[in-house]
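Asker: What follows is input.txt, compact mmCIF, C-alpha atoms.
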# COMPACT_ATOMS: atom_id res chain seq x y z
CA MET L 1 -69.41 -8.82 -66.97
CA PRO L 2 -71.77 -5.89 -67.14
CA GLY L 3 -70.13 -2.60 -68.16
CA LYS L 4 -67.20 -0.58 -69.29
CA TYR L 5 -66.22 1.17 -66.07
CA PHE L 6 -63.53 0.15 -63.59
CA GLN L 7 -66.11 -0.09 -60.83
CA ASP L 8 -68.03 -2.72 -62.80
CA TYR L 9 -65.18 -5.13 -62.07
CA TYR L 10 -64.76 -4.73 -58.34
CA PRO L 11 -65.48 -7.90 -56.36
CA GLU L 12 -69.12 -7.90 -55.25
CA ASN L 13 -68.28 -7.59 -51.56
CA TYR L 14 -66.39 -4.32 -52.24
CA SER L 15 -69.06 -2.82 -54.49
CA TYR L 16 -71.20 -1.11 -51.87
CA CYS L 17 -69.10 2.05 -51.53
CA TYR L 18 -71.29 5.11 -51.08
CA GLY L 19 -69.13 6.96 -53.59
CA CYS L 20 -68.58 4.42 -56.33
CA GLY L 21 -70.23 1.11 -55.48
CA ARG L 22 -72.40 -0.16 -58.30
CA LEU L 23 -74.48 -2.09 -55.75
CA ASN L 24 -75.09 0.79 -53.30
CA GLU L 25 -78.62 1.92 -54.17
CA LYS L 26 -78.27 5.23 -52.32
CA GLY L 27 -74.76 6.00 -53.52
CA MET L 28 -73.22 8.45 -55.98
CA HIS L 29 -72.21 5.80 -58.55
CA ILE L 30 -68.92 7.41 -59.52
CA LYS L 31 -67.63 5.70 -62.68
CA SER L 32 -64.11 5.68 -64.10
CA GLU L 33 -62.55 4.55 -67.37
CA TRP L 34 -59.24 4.83 -69.18
CA ASP L 35 -58.40 7.68 -71.52
CA GLY L 36 -54.92 6.68 -72.61
CA ASP L 37 -52.79 6.60 -69.47
CA GLU L 38 -55.23 8.68 -67.42
CA GLY L 39 -58.33 7.60 -65.63
CA VAL L 40 -61.29 9.81 -66.48
CA CYS L 41 -64.60 10.23 -64.67
CA ARG L 42 -67.60 12.34 -65.61
CA TYR L 43 -70.16 13.38 -63.04
CA THR L 44 -72.98 15.91 -62.92
CA PRO L 45 -73.80 17.01 -59.36
CA ASP L 46 -77.40 17.97 -58.66
CA GLN L 47 -78.59 21.19 -57.05
CA SER L 48 -78.74 19.72 -53.54
CA LYS L 49 -74.96 19.31 -53.52
CA THR L 50 -73.95 22.93 -53.04
CA GLY L 51 -71.46 23.94 -50.36
CA GLY L 52 -71.21 27.05 -48.22
CA PHE L 53 -71.56 29.33 -51.21
CA PRO L 54 -74.81 29.18 -53.23
CA GLU L 55 -74.64 27.53 -56.68
CA PHE L 56 -71.19 26.05 -56.09
CA LEU L 57 -70.36 22.43 -55.41
CA TYR L 58 -69.73 21.20 -51.87
CA GLY L 59 -66.06 20.50 -51.11
CA GLY L 60 -66.93 17.16 -49.52
CA ILE L 61 -68.39 15.97 -52.83
CA ILE L 62 -65.27 17.18 -54.65
CA ALA L 63 -63.15 15.18 -52.18
CA SER L 64 -65.41 12.16 -52.72
CA LEU L 65 -65.10 12.36 -56.51
CA ILE L 66 -61.32 12.56 -56.34
CA ASP L 67 -61.18 9.81 -53.70
CA CYS L 68 -63.20 7.17 -55.56
CA HIS L 69 -61.83 8.05 -58.96
CA CYS L 70 -58.26 7.70 -57.69
CA ALA L 71 -59.12 4.38 -56.03
CA GLY L 72 -60.57 3.14 -59.31
CA THR L 73 -57.63 4.37 -61.36
CA ALA L 74 -55.22 2.75 -58.89
CA ALA L 75 -57.04 -0.59 -59.29
CA ALA L 76 -56.98 -0.36 -63.08
CA ALA L 77 -53.32 0.69 -63.11
CA LYS L 78 -52.38 -2.32 -60.99
CA GLU L 79 -54.25 -4.56 -63.44
CA ARG L 80 -52.50 -2.95 -66.38
CA GLN L 81 -49.13 -3.48 -64.68
CA ASP L 82 -50.03 -7.17 -64.57
CA GLY L 83 -51.14 -7.21 -68.20
CA PHE L 84 -54.90 -7.01 -67.78
CA GLU L 85 -57.46 -4.50 -69.02
CA PRO L 86 -60.85 -3.81 -67.37
CA GLY L 87 -63.27 -6.62 -68.15
CA GLU L 88 -60.70 -9.39 -68.35
CA ARG L 89 -60.99 -10.31 -64.68
CA LEU L 90 -62.17 -8.93 -61.34
CA MET L 91 -60.08 -6.04 -60.09
CA ARG L 92 -58.32 -5.94 -56.76
CA ARG L 93 -59.71 -3.24 -54.52
CA PHE L 94 -57.83 -0.25 -53.11
CA VAL L 95 -58.63 1.83 -50.05
CA THR L 96 -57.49 5.37 -49.26
CA ALA L 97 -54.49 6.02 -47.02
CA SER L 98 -54.43 9.78 -47.54
CA LEU L 99 -56.18 12.40 -49.61
CA LYS L 100 -55.26 16.03 -50.22
CA VAL L 101 -57.48 18.44 -52.09
CA ASP L 102 -56.71 22.03 -53.07
CA TYR L 103 -59.81 24.04 -53.92
CA LEU L 104 -58.62 26.51 -56.53
CA LYS L 105 -61.86 28.18 -57.52
CA PRO L 106 -65.60 27.56 -57.27
CA THR L 107 -66.97 24.46 -59.04
CA PRO L 108 -70.50 24.78 -60.43
CA VAL L 109 -73.35 22.33 -59.78
CA GLY L 110 -75.75 21.21 -62.52
CA GLU L 111 -73.15 20.68 -65.20
CA GLU L 112 -70.91 17.79 -66.15
CA LEU L 113 -67.53 17.77 -64.41
CA GLU L 114 -64.46 15.91 -65.56
CA ILE L 115 -62.11 14.30 -63.06
CA ARG L 116 -58.76 13.05 -64.33
CA ALA L 117 -56.27 10.92 -62.41
CA ALA L 118 -52.71 10.02 -63.28
CA VAL L 119 -50.46 7.50 -61.55
CA LYS L 120 -47.44 9.18 -59.98
CA GLU L 121 -45.88 6.11 -58.38
CA ILE L 122 -46.56 2.41 -57.93
CA LYS L 123 -44.69 0.89 -55.01
CA GLY L 124 -45.88 -2.62 -54.21
CA ARG L 125 -49.41 -2.38 -52.85
CA LYS L 126 -49.23 1.42 -52.58
CA ILE L 127 -50.12 3.73 -55.47
CA THR L 128 -49.84 7.53 -55.42
CA LEU L 129 -51.97 9.48 -57.86
CA THR L 130 -52.58 13.09 -58.81
CA ALA L 131 -55.97 14.32 -59.94
CA THR L 132 -57.70 17.36 -61.37
CA LEU L 133 -61.35 18.29 -61.38
CA SER L 134 -62.53 20.53 -64.22
CA ALA L 135 -65.69 22.36 -65.20
CA SER L 136 -66.04 23.56 -68.80
CA GLY L 137 -62.35 22.87 -69.38
CA SER L 138 -61.14 24.92 -66.41
CA VAL L 139 -59.41 23.16 -63.47
CA THR L 140 -61.24 24.10 -60.26
CA ALA L 141 -59.64 21.61 -57.85
CA LYS L 142 -56.50 19.50 -57.63
CA GLY L 143 -55.90 16.40 -55.59
CA GLU L 144 -53.32 13.88 -54.53
CA ALA L 145 -54.18 10.48 -53.10
CA VAL L 146 -52.31 7.52 -51.70
CA MET L 147 -54.18 4.27 -52.29
CA VAL L 148 -53.36 0.89 -50.77
CA MET L 149 -54.47 -2.45 -52.16
CA ILE L 150 -56.52 -4.70 -49.89
CA PRO L 151 -54.46 -7.88 -49.35
CA GLU L 152 -55.00 -10.57 -51.99
CA GLU L 153 -56.65 -13.10 -49.68
CA GLU L 154 -59.33 -10.58 -48.76
CA ASN L 155 -59.98 -9.66 -52.39
CA LYS L 156 -61.28 -13.14 -53.22
CA ASN L 157 -65.07 -13.26 -53.08
CA MET V 1 -82.07 32.32 -33.02
CA PRO V 2 -82.86 28.66 -33.11
CA GLY V 3 -80.15 26.40 -31.68
CA LYS V 4 -76.85 25.84 -30.00
CA TYR V 5 -74.67 24.83 -32.93
CA PHE V 6 -72.31 27.01 -34.95
CA GLN V 7 -74.23 26.21 -38.11
CA ASP V 8 -77.42 27.65 -36.60
CA TYR V 9 -75.83 31.09 -36.93
CA TYR V 10 -74.64 31.06 -40.53
CA PRO V 11 -76.33 33.67 -42.71
CA GLU V 12 -79.36 32.11 -44.44
CA ASN V 13 -77.87 32.35 -47.92
CA TYR V 14 -74.89 30.21 -46.79
CA SER V 15 -76.96 27.62 -44.96
CA TYR V 16 -77.67 25.24 -47.84
CA CYS V 17 -74.38 23.35 -47.70
CA TYR V 18 -74.91 19.65 -48.40
CA GLY V 19 -72.62 18.83 -45.49
CA CYS V 20 -73.71 21.25 -42.78
CA GLY V 21 -76.45 23.53 -44.04
CA ARG V 22 -79.40 23.61 -41.67
CA LEU V 23 -81.66 24.54 -44.61
CA ASN V 24 -80.53 21.79 -47.01
CA GLU V 25 -83.30 19.19 -46.71
CA LYS V 26 -81.23 16.44 -48.34
CA GLY V 27 -77.98 17.24 -46.54
CA MET V 28 -75.97 15.61 -43.76
CA HIS V 29 -76.67 18.34 -41.16
CA ILE V 30 -73.21 18.29 -39.58
CA LYS V 31 -73.36 20.27 -36.32
CA SER V 32 -70.49 21.78 -34.33
CA GLU V 33 -70.15 23.34 -30.89
CA TRP V 34 -67.40 24.47 -28.55
CA ASP V 35 -65.81 22.18 -26.00
CA GLY V 36 -63.33 24.57 -24.38
CA ASP V 37 -60.98 25.69 -27.13
CA GLU V 38 -61.88 22.84 -29.46
CA GLY V 39 -64.80 22.51 -31.79
CA VAL V 40 -66.58 19.20 -31.36
CA CYS V 41 -69.02 17.46 -33.68
CA ARG V 42 -70.91 14.20 -33.18
CA TYR V 43 -72.29 12.26 -36.09
CA THR V 44 -73.66 8.76 -36.59
CA PRO V 45 -73.30 7.56 -40.19
CA ASP V 46 -75.96 5.15 -41.46
CA GLN V 47 -75.32 1.80 -43.11
CA SER V 48 -75.51 3.19 -46.66
CA LYS V 49 -72.34 5.21 -46.05
CA THR V 50 -69.79 2.40 -46.21
CA GLY V 51 -66.70 2.69 -48.40
CA GLY V 52 -64.77 0.08 -50.33
CA PHE V 53 -64.60 -2.22 -47.36
CA PRO V 54 -67.85 -3.59 -45.92
CA GLU V 55 -69.00 -2.16 -42.56
CA PHE V 56 -66.49 0.70 -42.61
CA LEU V 57 -67.24 4.34 -43.29
CA TYR V 58 -66.62 5.85 -46.72
CA GLY V 59 -63.56 8.11 -46.91
CA GLY V 60 -65.53 10.80 -48.73
CA ILE V 61 -67.88 11.09 -45.76
CA ILE V 62 -64.90 11.31 -43.39
CA ALA V 63 -63.49 14.13 -45.55
CA SER V 64 -66.90 15.82 -45.51
CA LEU V 65 -67.18 15.63 -41.72
CA ILE V 66 -63.72 17.12 -41.24
CA ASP V 67 -64.35 19.75 -43.92
CA CYS V 68 -67.61 21.16 -42.53
CA HIS V 69 -66.58 20.84 -38.92
CA CYS V 70 -63.36 22.77 -39.59
CA ALA V 71 -65.30 25.44 -41.50
CA GLY V 72 -67.66 25.79 -38.55
CA THR V 73 -64.87 25.89 -36.00
CA ALA V 74 -63.04 28.50 -38.09
CA ALA V 75 -66.17 30.67 -38.14
CA ALA V 76 -66.66 30.36 -34.38
CA ALA V 77 -62.97 31.02 -33.71
CA LYS V 78 -63.12 34.21 -35.75
CA GLU V 79 -66.15 35.30 -33.74
CA ARG V 80 -64.39 34.51 -30.48
CA GLN V 81 -61.36 36.53 -31.61
CA ASP V 82 -63.76 39.45 -32.03
CA GLY V 83 -65.35 38.86 -28.63
CA PHE V 84 -68.53 37.04 -29.67
CA GLU V 85 -69.89 33.62 -28.78
CA PRO V 86 -72.31 31.59 -30.94
CA GLY V 87 -75.82 33.02 -30.70
CA GLU V 88 -74.78 36.63 -30.19
CA ARG V 89 -74.84 37.47 -33.88
CA LEU V 90 -74.71 35.85 -37.32
CA MET V 91 -71.38 34.21 -38.08
CA ARG V 92 -69.24 35.03 -41.05
CA ARG V 93 -68.90 32.08 -43.39
CA PHE V 94 -65.69 30.27 -44.33
CA VAL V 95 -64.97 28.17 -47.41
CA THR V 96 -62.29 25.53 -47.85
CA ALA V 97 -58.99 26.35 -49.53
CA SER V 98 -57.37 22.97 -48.88
CA LEU V 99 -58.12 19.77 -47.03
CA LYS V 100 -55.82 16.89 -46.14
CA VAL V 101 -57.05 13.68 -44.57
CA ASP V 102 -54.96 10.75 -43.32
CA TYR V 103 -56.97 7.57 -42.92
CA LEU V 104 -55.27 5.76 -40.06
CA LYS V 105 -57.57 2.81 -39.56
CA PRO V 106 -61.11 1.74 -40.47
CA THR V 107 -63.96 3.85 -39.08
CA PRO V 108 -67.18 1.97 -38.28
CA VAL V 109 -70.66 2.96 -39.49
CA GLY V 110 -73.73 2.79 -37.25
CA GLU V 111 -72.11 4.30 -34.18
CA GLU V 112 -71.54 7.85 -32.99
CA LEU V 113 -68.29 9.40 -34.14
CA GLU V 114 -66.57 12.38 -32.56
CA ILE V 115 -64.78 14.94 -34.70
CA ARG V 116 -62.59 17.49 -32.94
CA ALA V 117 -60.99 20.56 -34.49
CA ALA V 118 -58.37 22.90 -33.07
CA VAL V 119 -57.20 26.20 -34.49
CA LYS V 120 -53.54 26.09 -35.48
CA GLU V 121 -53.23 29.59 -36.91
CA ILE V 122 -55.38 32.62 -37.62
CA LYS V 123 -53.90 34.93 -40.24
CA GLY V 124 -56.33 37.59 -41.37
CA ARG V 125 -59.16 35.88 -43.27
CA LYS V 126 -57.28 32.56 -43.36
CA ILE V 127 -57.53 29.98 -40.57
CA THR V 128 -55.62 26.70 -40.43
CA LEU V 129 -57.06 23.91 -38.29
CA THR V 130 -56.18 20.37 -37.34
CA ALA V 131 -58.81 17.73 -36.73
CA THR V 132 -59.27 14.20 -35.49
CA LEU V 133 -62.09 11.75 -36.05
CA SER V 134 -62.62 9.12 -33.38
CA ALA V 135 -64.78 6.05 -32.88
CA SER V 136 -65.18 4.68 -29.35
CA GLY V 137 -62.30 6.88 -28.19
CA SER V 138 -59.85 5.69 -30.83
CA VAL V 139 -58.60 8.15 -33.48
CA THR V 140 -59.26 6.63 -36.93
CA ALA V 141 -58.52 9.67 -39.14
CA LYS V 142 -56.65 12.94 -38.90
CA GLY V 143 -57.12 16.07 -40.95
CA GLU V 144 -55.77 19.51 -41.63
CA ALA V 145 -57.77 22.24 -43.32
CA VAL V 146 -57.18 25.77 -44.49
CA MET V 147 -60.35 27.85 -44.36
CA VAL V 148 -60.85 31.31 -45.86
CA MET V 149 -63.53 33.77 -44.81
CA ILE V 150 -65.94 34.96 -47.47
CA PRO V 151 -65.43 38.75 -47.80
CA GLU V 152 -67.53 40.83 -45.40
CA GLU V 153 -69.72 42.47 -48.05
CA GLU V 154 -70.84 39.05 -49.31
CA ASN V 155 -71.58 37.82 -45.80
CA LYS V 156 -74.40 40.32 -45.34
CA ASN V 157 -77.77 38.79 -46.14
Now, as a test, write the supplied structure out as structure tokens.
Answerer:
Amino acid sequence: MPGKYFQDYYPENYSYCYGCGRLNEKGMHIKSEWDGDEGVCRYTPDQSKTGGFPEFLYGGIIASLIDCHCAGTAAAAKERQDGFEPGERLMRRFVTASLKVDYLKPTPVGEELEIRAAVKEIKGRKITLTATLSASGSVTAKGEAVMVMIPEEENKN
Amino acid sequence: MPGKYFQDYYPENYSYCYGCGRLNEKGMHIKSEWDGDEGVCRYTPDQSKTGGFPEFLYGGIIASLIDCHCAGTAAAAKERQDGFEPGERLMRRFVTASLKVDYLKPTPVGEELEIRAAVKEIKGRKITLTATLSASGSVTAKGEAVMVMIPEEENKN
């Protein structure tokens, strides 16, 4: 197996996500890993990714970062619940049921951002997570996501 | 003035949004117009924009479509409240305070989607909107957004 990130262990057929798929050549390649009990993701948006206000990151990209990072953290949390760490086997894939983002203050482009996700609740195939997005140590956006695992039989490929 | 869409009338300095900026060469170029009291947007995502599940649209792109279309509809609604229709003057620009998306069922790529936004409440500089995203007449995602107008003095450029 090729890497250290959660997304390195998604089944091949589910690895073409525009946000986080390692096999999507045009995608953002969002990558997540554990930091204790939290999933952490680092991402540096380029200058083309501004939003309505010059020099500040587009809200749709912020939503995308929180979305894929929460999906990845949900997958890794489900593995951990079953006694597995990333790299030990393929991960089961989660899709988004709902996503809420609060934009607290402007997020800069051109510098590394840190997205953190924490599991709030695991209920069968459904995992609820909270997330923060920070620039230079200051939280600029908060999120909450509900992720649902793709049924087992579809995860085999 | 160059076109018929709300985004054609944003001040130049606020027209580089990755989602809807007409001047962002790498952007998605989301475009919105009135259909009665609703803002409507049509967008055909290409094959690179799938999410975790093959052939279905990435949730981050769905969030982006709802985000920019609600921002545009908020701007046009504020103009209409003041007695102006798109094309009569530059629009004041709104940014996102919060965005909630419920993903109801898979959204296909490669076909035209319709995003509709309706104003729920206008309260000073803050406008709350609801939105739907449909494929072939079937609603696949719902959204709610709170948009806030950039202060007047910053909107002059």
Asker: Between CA of Thr140 (chain L) and CA of Ala97 (chain V), measure the distance and give it in Å to one decimal.
Answerer: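 One can read the CA of Thr140 (chain L) to CA of Ala97 (chain V) distance as 11.2 Å.
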Asker: Could you list, with a cut-off of 6 Å and counting all atoms listed in the file, the residues of chain L near chain V, each shown with its nearest atom pair and the distance in Å rounded to one decimal, rows sorted by chain and ascending number, as a tab-separated table?
Answerer:
residue	atom	partner	partner_atom	distance
L:Tyr14	CA	V:Gly52	CA	5.1
L:Cys17	CA	V:Gly51	CA	4.0
L:Tyr18	CA	V:Lys49	CA	5.1
L:Lys49	CA	V:Tyr18	CA	5.1
L:Thr50	CA	V:Cys17	CA	5.4
L:Gly51	CA	V:Cys17	CA	4.0
L:Gly52	CA	V:Cys17	CA	4.9
L:Phe53	CA	V:Tyr14	CA	5.6
L:Gly60	CA	V:Ser64	CA	4.2
L:Ser64	CA	V:Gly60	CA	4.2
L:Ala97	CA	V:Tyr103	CA	5.0
L:Ser98	CA	V:Asp102	CA	4.4
L:Leu99	CA	V:Val101	CA	5.3
L:Lys100	CA	V:Lys100	CA	4.2
L:Val101	CA	V:Leu99	CA	5.3
L:Asp102	CA	V:Ser98	CA	4.3
L:Tyr103	CA	V:Ala97	CA	5.0
Asker: Selected residues, C-alpha atoms, written as a PDB file, in the frame of the given file, please.
Answerer:
ATOM      1  CA  TYR L  14     -66.390  -4.320 -52.240  1.00  0.00           C
ATOM      2  CA  CYS L  17     -69.100   2.050 -51.530  1.00  0.00           C
ATOM      3  CA  TYR L  18     -71.290   5.110 -51.080  1.00  0.00           C
ATOM      4  CA  LYS L  49     -74.960  19.310 -53.520  1.00  0.00           C
ATOM      5  CA  THR L  50     -73.950  22.930 -53.040  1.00  0.00           C
ATOM      6  CA  GLY L  51     -71.460  23.940 -50.360  1.00  0.00           C
ATOM      7  CA  GLY L  52     -71.210  27.050 -48.220  1.00  0.00           C
ATOM      8  CA  PHE L  53     -71.560  29.330 -51.210  1.00  0.00           C
ATOM      9  CA  GLY L  60     -66.930  17.160 -49.520  1.00  0.00           C
ATOM     10  CA  SER L  64     -65.410  12.160 -52.720  1.00  0.00           C
ATOM     11  CA  ALA L  97     -54.490   6.020 -47.020  1.00  0.00           C
ATOM     12  CA  SER L  98     -54.430   9.780 -47.540  1.00  0.00           C
ATOM     13  CA  LEU L  99     -56.180  12.400 -49.610  1.00  0.00           C
ATOM     14  CA  LYS L 100     -55.260  16.030 -50.220  1.00  0.00           C
ATOM     15  CA  VAL L 101     -57.480  18.440 -52.090  1.00  0.00           C
ATOM     16  CA  ASP L 102     -56.710  22.030 -53.070  1.00  0.00           C
ATOM     17  CA  TYR L 103     -59.810  24.040 -53.920  1.00  0.00           C
TER      18      TYR L 103
END
Asker: Find the residues with any atom within 10 Å of (-59.9, 22.2, -28.2); use all atoms listed in the file and the coordinates as given in the file, and write the answer as a list in words.
Answerer: Trp34, Asp35, Gly36, Asp37, Glu38, Gly39, Val40, Thr73, Arg116, Ala117, Ala118, Val119 and Ala131 of chain V
Asker: Provide the CA of Tyr5 (chain L) to CA of Glu33 (chain L) distance in Å, to one decimal place.
Answerer: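 Straight-line distance from CA of Tyr5 (chain L) to CA of Glu33 (chain L) works out to 5.2 Å.
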Asker: Grab the CA of Asp46 (chain L) to CA of Thr107 (chain L) distance for me, in Å with one decimal place.
Answerer: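 Between CA of Asp46 (chain L) and CA of Thr107 (chain L) the gap works out to 12.3 Å.
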Asker: Would you kindly identify which residues have an atom no farther than 7 Å from (-67.9, 8.5, -33.4), using only C-alpha atoms and the file's own coordinates, and write them out as a ChimeraX atom specification?
Answerer: /V:42-44,111-114,134-136
Asker: Let me make sure I understand: among V:Leu133, V:Asp82, V:Asn155, V:Arg92, which one has the smallest atom-to-atom distance to Gln7 (chain V) if we use all atoms listed in the file?
Answerer: V:Arg92
